[in-house]
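Structure file my_file25.pdb; described as PDB, C-alpha atoms, pLDDT in the B column.
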```pdb
ATOM      1  CA  MET A   1       0.000   0.000   0.000  1.00 52.00           C
ATOM      2  CA  LYS A   2       1.229   3.443  -0.822  1.00 52.00           C
ATOM      3  CA  ASN A   3       0.829   6.771   0.920  1.00 52.00           C
ATOM      4  CA  GLU A   4       2.006   9.546  -1.422  1.00 54.00           C
ATOM      5  CA  SER A   5       1.038  13.120  -0.720  1.00 50.00           C
ATOM      6  CA  PRO A   6      -1.538  14.319  -3.255  1.00 52.00           C
ATOM      7  CA  GLU A   7      -1.334  17.893  -4.428  1.00 43.00           C
ATOM      8  CA  THR A   8      -5.000  18.021  -5.427  1.00 41.00           C
ATOM      9  CA  ILE A   9      -7.979  15.776  -5.953  1.00 41.00           C
ATOM     10  CA  THR A  10     -10.617  16.361  -8.567  1.00 40.00           C
ATOM     11  CA  GLU A  11     -14.318  15.588  -8.365  1.00 42.00           C
ATOM     12  CA  PRO A  12     -15.215  11.945  -9.091  1.00 43.00           C
ATOM     13  CA  ASP A  13     -15.992  11.322 -12.752  1.00 42.00           C
ATOM     14  CA  LYS A  14     -19.789  11.316 -12.897  1.00 41.00           C
ATOM     15  CA  ASN A  15     -19.755   9.908 -16.461  1.00 43.00           C
ATOM     16  CA  MET A  16     -18.350   6.595 -15.241  1.00 40.00           C
ATOM     17  CA  ALA A  17     -20.649   3.752 -14.282  1.00 40.00           C
ATOM     18  CA  GLU A  18     -21.904   4.053 -10.722  1.00 48.00           C
ATOM     19  CA  GLU A  19     -20.092   0.916  -9.649  1.00 57.00           C
ATOM     20  CA  GLU A  20     -16.695   2.443 -10.513  1.00 74.00           C
ATOM     21  CA  MET A  21     -16.002   5.921  -9.259  1.00 86.00           C
ATOM     22  CA  THR A  22     -12.680   7.521 -10.183  1.00 88.00           C
ATOM     23  CA  VAL A  23     -10.643  10.483  -9.031  1.00 89.00           C
ATOM     24  CA  GLU A  24      -7.655  12.208 -10.558  1.00 89.00           C
ATOM     25  CA  LEU A  25      -4.703  12.958  -8.298  1.00 89.00           C
ATOM     26  CA  GLU A  26      -2.142  15.613  -9.150  1.00 89.00           C
ATOM     27  CA  LEU A  27       1.151  14.226  -7.847  1.00 87.00           C
ATOM     28  CA  ASP A  28       4.717  15.385  -8.394  1.00 90.00           C
ATOM     29  CA  GLU A  29       5.007  12.808 -11.217  1.00 85.00           C
ATOM     30  CA  GLY A  30       1.890  14.145 -12.964  1.00 89.00           C
ATOM     31  CA  THR A  31      -1.843  13.378 -12.979  1.00 90.00           C
ATOM     32  CA  ILE A  32      -2.879   9.835 -12.090  1.00 89.00           C
ATOM     33  CA  THR A  33      -6.416   8.471 -12.440  1.00 90.00           C
ATOM     34  CA  CYS A  34      -7.443   6.131  -9.634  1.00 91.00           C
ATOM     35  CA  SER A  35     -10.456   3.934  -9.025  1.00 91.00           C
ATOM     36  CA  VAL A  36     -12.093   4.403  -5.627  1.00 92.00           C
ATOM     37  CA  VAL A  37     -11.987   1.012  -3.926  1.00 91.00           C
ATOM     38  CA  THR A  38     -13.813   2.090  -0.788  1.00 93.00           C
ATOM     39  CA  ILE A  39     -14.230   4.831   1.785  1.00 95.00           C
ATOM     40  CA  PHE A  40     -14.040   3.531   5.346  1.00 96.00           C
ATOM     41  CA  SER A  41     -13.787   4.697   8.942  1.00 95.00           C
ATOM     42  CA  VAL A  42     -11.383   3.857  11.734  1.00 96.00           C
ATOM     43  CA  GLY A  43     -12.564   5.373  14.976  1.00 94.00           C
ATOM     44  CA  GLU A  44     -13.520   8.983  14.301  1.00 94.00           C
ATOM     45  CA  LYS A  45     -11.491   9.323  11.079  1.00 96.00           C
ATOM     46  CA  ASP A  46     -12.415   8.507   7.484  1.00 97.00           C
ATOM     47  CA  TYR A  47     -10.078   7.077   4.874  1.00 97.00           C
ATOM     48  CA  ILE A  48     -10.186   6.332   1.159  1.00 97.00           C
ATOM     49  CA  ALA A  49      -8.509   3.461  -0.671  1.00 96.00           C
ATOM     50  CA  LEU A  50      -7.511   4.178  -4.269  1.00 94.00           C
ATOM     51  CA  LEU A  51      -6.232   1.874  -7.009  1.00 92.00           C
ATOM     52  CA  PRO A  52      -4.227   3.592  -9.768  1.00 91.00           C
ATOM     53  CA  LEU A  53      -5.533   2.845 -13.256  1.00 88.00           C
ATOM     54  CA  GLY A  54      -3.504   2.059 -16.351  1.00 77.00           C
ATOM     55  CA  GLU A  55      -3.285   4.244 -19.449  1.00 72.00           C
ATOM     56  CA  ASN A  56      -6.471   2.686 -20.901  1.00 65.00           C
ATOM     57  CA  LYS A  57      -8.362   3.344 -17.643  1.00 61.00           C
ATOM     58  CA  ASP A  58      -8.166  -0.358 -16.816  1.00 61.00           C
ATOM     59  CA  THR A  59      -7.248  -1.585 -13.377  1.00 60.00           C
ATOM     60  CA  ALA A  60      -3.511  -1.680 -13.062  1.00 57.00           C
ATOM     61  CA  GLU A  61      -1.690  -4.268 -11.032  1.00 63.00           C
ATOM     62  CA  GLY A  62      -0.133  -2.639  -8.029  1.00 73.00           C
ATOM     63  CA  ASP A  63      -0.499  -1.109  -4.653  1.00 86.00           C
ATOM     64  CA  VAL A  64      -3.633   0.396  -3.210  1.00 92.00           C
ATOM     65  CA  TRP A  65      -3.072   3.922  -1.941  1.00 94.00           C
ATOM     66  CA  ILE A  66      -4.676   4.952   1.358  1.00 97.00           C
ATOM     67  CA  TYR A  67      -5.329   8.566   2.329  1.00 96.00           C
ATOM     68  CA  GLY A  68      -7.220  10.376   5.029  1.00 97.00           C
ATOM     69  CA  TYR A  69     -10.568  11.534   3.624  1.00 96.00           C
ATOM     70  CA  SER A  70     -12.995  14.269   4.591  1.00 95.00           C
ATOM     71  CA  GLU A  71     -16.091  15.935   3.211  1.00 92.00           C
ATOM     72  CA  ASN A  72     -17.662  19.203   4.269  1.00 91.00           C
ATOM     73  CA  PRO A  73     -20.987  18.263   5.924  1.00 89.00           C
ATOM     74  CA  GLU A  74     -22.150  21.863   5.484  1.00 93.00           C
ATOM     75  CA  ASP A  75     -21.678  21.753   1.689  1.00 93.00           C
ATOM     76  CA  PRO A  76     -22.072  18.326   0.041  1.00 85.00           C
ATOM     77  CA  ASP A  77     -21.147  19.856  -3.349  1.00 90.00           C
ATOM     78  CA  GLU A  78     -17.726  20.899  -2.088  1.00 91.00           C
ATOM     79  CA  GLU A  79     -14.844  18.797  -3.341  1.00 89.00           C
ATOM     80  CA  PRO A  80     -13.699  16.157  -0.815  1.00 91.00           C
ATOM     81  CA  GLU A  81     -10.230  16.527   0.661  1.00 93.00           C
ATOM     82  CA  LEU A  82      -7.489  13.916   0.879  1.00 94.00           C
ATOM     83  CA  ARG A  83      -4.683  14.131   3.362  1.00 94.00           C
ATOM     84  CA  TYR A  84      -1.376  12.366   3.531  1.00 94.00           C
ATOM     85  CA  ILE A  85      -1.161  10.102   6.587  1.00 96.00           C
ATOM     86  CA  GLU A  86       2.099  11.140   8.249  1.00 96.00           C
ATOM     87  CA  ASP A  87       1.801   9.119  11.449  1.00 96.00           C
ATOM     88  CA  ASP A  88       3.000   5.523  10.960  1.00 97.00           C
ATOM     89  CA  GLU A  89       0.692   4.140  13.656  1.00 97.00           C
ATOM     90  CA  GLU A  90      -2.340   5.851  12.141  1.00 97.00           C
ATOM     91  CA  TYR A  91      -1.384   4.517   8.701  1.00 97.00           C
ATOM     92  CA  GLU A  92      -1.033   0.978  10.094  1.00 97.00           C
ATOM     93  CA  ARG A  93      -4.487   1.196  11.705  1.00 97.00           C
ATOM     94  CA  ALA A  94      -5.990   2.346   8.388  1.00 97.00           C
ATOM     95  CA  ALA A  95      -4.134  -0.356   6.432  1.00 96.00           C
ATOM     96  CA  ASP A  96      -5.286  -3.044   8.897  1.00 96.00           C
ATOM     97  CA  ALA A  97      -8.900  -1.850   8.587  1.00 96.00           C
ATOM     98  CA  PHE A  98      -8.604  -1.961   4.787  1.00 95.00           C
ATOM     99  CA  ASP A  99      -7.223  -5.526   4.985  1.00 94.00           C
ATOM    100  CA  GLU A 100     -10.243  -6.490   7.117  1.00 93.00           C
ATOM    101  CA  TYR A 101     -12.514  -4.919   4.484  1.00 93.00           C
ATOM    102  CA  LEU A 102     -10.828  -7.042   1.784  1.00 90.00           C
ATOM    103  CA  ASP A 103     -11.212 -10.164   3.939  1.00 89.00           C
ATOM    104  CA  SER A 104     -14.934  -9.473   4.388  1.00 88.00           C
ATOM    105  CA  CYS A 105     -15.336  -8.966   0.617  1.00 86.00           C
ATOM    106  CA  GLU A 106     -13.692 -12.313  -0.070  1.00 74.00           C
ATOM    107  CA  PHE A 107     -15.907 -13.967   2.559  1.00 63.00           C
ATOM    108  CA  ASP A 108     -19.037 -12.424   0.984  1.00 62.00           C
ATOM    109  CA  GLU A 109     -17.965 -13.715  -2.455  1.00 63.00           C
ATOM    110  CA  ILE A 110     -17.698 -17.243  -1.055  1.00 51.00           C
ATOM    111  CA  LEU A 111     -21.258 -17.062   0.282  1.00 40.00           C
TER     112      LEU A 111
END
```
Encoding of this model in structure tokens:
Amino acid sequence: MKNESPETITEPDKNMAEEEMTVELELDEGTITCSVVTIFSVGEKDYIALLPLGENKDTAEGDVWIYGYSENPEDPDEEPELRYIEDDEEYERAADAFDEYLDSCEFDEIL
């Protein structure tokens, strides 16, 4: 899992199918389109898991990126914010919660 600091995040692409929401991150290396895997909570904080997409907007093999996530409850039209997780312990808690989410998805697929 990766935790790069995003410069900006753009609004999810509303033209994509509802089951796959994407965001574009402006990183030092350039703009990267990512698929939103899930938004989840750990305690009082929210996080987002992103999977970078390949050049053809297909799912690329690779690491899932986890960021802190927040929305403005006063203005639902305002662009959500991502934050780099600087604290190693906080990042580990978020990564563990994401792993549990993946485990539950696999369990649900079995059923």
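CA of Leu53 (chain A) lies 11.2 Å from CA of Thr31 (chain A).
Here the PyMOL selection byres ((chain A and resi 93) around 12) matches the residues Phe40, Ser41, Val42, Gly43, Lys45, Asp46, Tyr47, Ile66, Tyr67, Gly68, Ile85, Asp87, Asp88, Glu89, Glu90, Tyr91, Glu92, Ala94, Ala95, Asp96, Ala97, Phe98, Asp99 and Glu100 of chain A.
For the pair CA of Ile48 (chain A) and CA of Asp77 (chain A), the separation is 18.0 Å.
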CA of Pro80 (chain A) to CA of Asp103 (chain A): how many Å, to one decimal? 26.9 Å
Let me know the residues the PyMOL selection byres ((chain A and resi 50) around 7) catches in the file above, as a PyMOL selection string. chain A and resi 34-37+48-49+51-52+64-66
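Considering the residues A:Tyr69, A:Asp75, A:Arg83, A:Met21 and counting all atoms listed in the file, Glu44 (chain A) has its shortest atom-to-atom contact with A:Tyr69.
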Considering only C-alpha atoms, can you say which of A:Cys105, A:Ser70, A:Leu27, A:Ile32 comes closest to Glu55 (chain A)? A:Ile32
Shortest interatomic distance to Thr38 (chain A) - which of A:Glu20, A:Glu86, A:Pro76, A:Leu25, counting only C-alpha atoms: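 For Thr38 (chain A), the nearest of the candidates is A:Glu20.
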Just region 79-95 of chain A from the block, N, CA, C and O atoms, as a PDB file, in the first residue's frame, could you?
```
ATOM      1  N   GLU A  79     -15.759  19.886  -3.005  1.00  0.00           N
ATOM      2  CA  GLU A  79     -14.844  18.797  -3.341  1.00  0.00           C
ATOM      3  C   GLU A  79     -14.281  18.155  -2.067  1.00  0.00           C
ATOM      4  O   GLU A  79     -13.848  18.856  -1.151  1.00  0.00           O
ATOM      5  N   PRO A  80     -14.282  16.818  -1.989  1.00  0.00           N
ATOM      6  CA  PRO A  80     -13.699  16.157  -0.815  1.00  0.00           C
ATOM      7  C   PRO A  80     -12.202  16.436  -0.735  1.00  0.00           C
ATOM      8  O   PRO A  80     -11.569  16.747  -1.735  1.00  0.00           O
ATOM      9  N   GLU A  81     -11.656  16.305   0.458  1.00  0.00           N
ATOM     10  CA  GLU A  81     -10.230  16.527   0.661  1.00  0.00           C
ATOM     11  C   GLU A  81      -9.542  15.227   1.038  1.00  0.00           C
ATOM     12  O   GLU A  81     -10.085  14.418   1.797  1.00  0.00           O
ATOM     13  N   LEU A  82      -8.348  15.032   0.495  1.00  0.00           N
ATOM     14  CA  LEU A  82      -7.489  13.916   0.879  1.00  0.00           C
ATOM     15  C   LEU A  82      -6.331  14.481   1.677  1.00  0.00           C
ATOM     16  O   LEU A  82      -5.885  15.587   1.426  1.00  0.00           O
ATOM     17  N   ARG A  83      -5.857  13.691   2.618  1.00  0.00           N
ATOM     18  CA  ARG A  83      -4.683  14.131   3.362  1.00  0.00           C
ATOM     19  C   ARG A  83      -3.704  12.968   3.471  1.00  0.00           C
ATOM     20  O   ARG A  83      -4.080  11.811   3.609  1.00  0.00           O
ATOM     21  N   TYR A  84      -2.466  13.314   3.360  1.00  0.00           N
ATOM     22  CA  TYR A  84      -1.376  12.366   3.531  1.00  0.00           C
ATOM     23  C   TYR A  84      -1.348  11.922   4.989  1.00  0.00           C
ATOM     24  O   TYR A  84      -1.479  12.744   5.897  1.00  0.00           O
ATOM     25  N   ILE A  85      -1.208  10.632   5.222  1.00  0.00           N
ATOM     26  CA  ILE A  85      -1.161  10.102   6.587  1.00  0.00           C
ATOM     27  C   ILE A  85       0.301  10.073   7.015  1.00  0.00           C
ATOM     28  O   ILE A  85       1.069   9.208   6.583  1.00  0.00           O
ATOM     29  N   GLU A  86       0.700  11.019   7.841  1.00  0.00           N
ATOM     30  CA  GLU A  86       2.099  11.140   8.249  1.00  0.00           C
ATOM     31  C   GLU A  86       2.472  10.209   9.395  1.00  0.00           C
ATOM     32  O   GLU A  86       3.602   9.752   9.484  1.00  0.00           O
ATOM     33  N   ASP A  87       1.534   9.938  10.270  1.00  0.00           N
ATOM     34  CA  ASP A  87       1.801   9.119  11.449  1.00  0.00           C
ATOM     35  C   ASP A  87       1.782   7.635  11.074  1.00  0.00           C
ATOM     36  O   ASP A  87       0.783   7.126  10.549  1.00  0.00           O
ATOM     37  N   ASP A  88       2.890   6.935  11.324  1.00  0.00           N
ATOM     38  CA  ASP A  88       3.000   5.523  10.960  1.00  0.00           C
ATOM     39  C   ASP A  88       1.955   4.656  11.651  1.00  0.00           C
ATOM     40  O   ASP A  88       1.402   3.741  11.047  1.00  0.00           O
ATOM     41  N   GLU A  89       1.680   4.937  12.923  1.00  0.00           N
ATOM     42  CA  GLU A  89       0.692   4.140  13.656  1.00  0.00           C
ATOM     43  C   GLU A  89      -0.706   4.344  13.079  1.00  0.00           C
ATOM     44  O   GLU A  89      -1.471   3.384  12.942  1.00  0.00           O
ATOM     45  N   GLU A  90      -1.039   5.581  12.743  1.00  0.00           N
ATOM     46  CA  GLU A  90      -2.340   5.851  12.141  1.00  0.00           C
ATOM     47  C   GLU A  90      -2.446   5.133  10.792  1.00  0.00           C
ATOM     48  O   GLU A  90      -3.475   4.535  10.481  1.00  0.00           O
ATOM     49  N   TYR A  91      -1.374   5.187  10.003  1.00  0.00           N
ATOM     50  CA  TYR A  91      -1.384   4.517   8.701  1.00  0.00           C
ATOM     51  C   TYR A  91      -1.578   3.006   8.872  1.00  0.00           C
ATOM     52  O   TYR A  91      -2.350   2.381   8.138  1.00  0.00           O
ATOM     53  N   GLU A  92      -0.898   2.418   9.837  1.00  0.00           N
ATOM     54  CA  GLU A  92      -1.033   0.978  10.094  1.00  0.00           C
ATOM     55  C   GLU A  92      -2.465   0.617  10.489  1.00  0.00           C
ATOM     56  O   GLU A  92      -2.997  -0.410  10.055  1.00  0.00           O
ATOM     57  N   ARG A  93      -3.092   1.454  11.321  1.00  0.00           N
ATOM     58  CA  ARG A  93      -4.487   1.196  11.705  1.00  0.00           C
ATOM     59  C   ARG A  93      -5.394   1.246  10.470  1.00  0.00           C
ATOM     60  O   ARG A  93      -6.272   0.399  10.293  1.00  0.00           O
ATOM     61  N   ALA A  94      -5.180   2.233   9.607  1.00  0.00           N
ATOM     62  CA  ALA A  94      -5.990   2.346   8.388  1.00  0.00           C
ATOM     63  C   ALA A  94      -5.731   1.166   7.463  1.00  0.00           C
ATOM     64  O   ALA A  94      -6.669   0.588   6.895  1.00  0.00           O
ATOM     65  N   ALA A  95      -4.477   0.773   7.300  1.00  0.00           N
ATOM     66  CA  ALA A  95      -4.134  -0.356   6.432  1.00  0.00           C
ATOM     67  C   ALA A  95      -4.731  -1.656   6.975  1.00  0.00           C
ATOM     68  O   ALA A  95      -5.245  -2.486   6.204  1.00  0.00           O
TER      69      ALA A  95
END
```
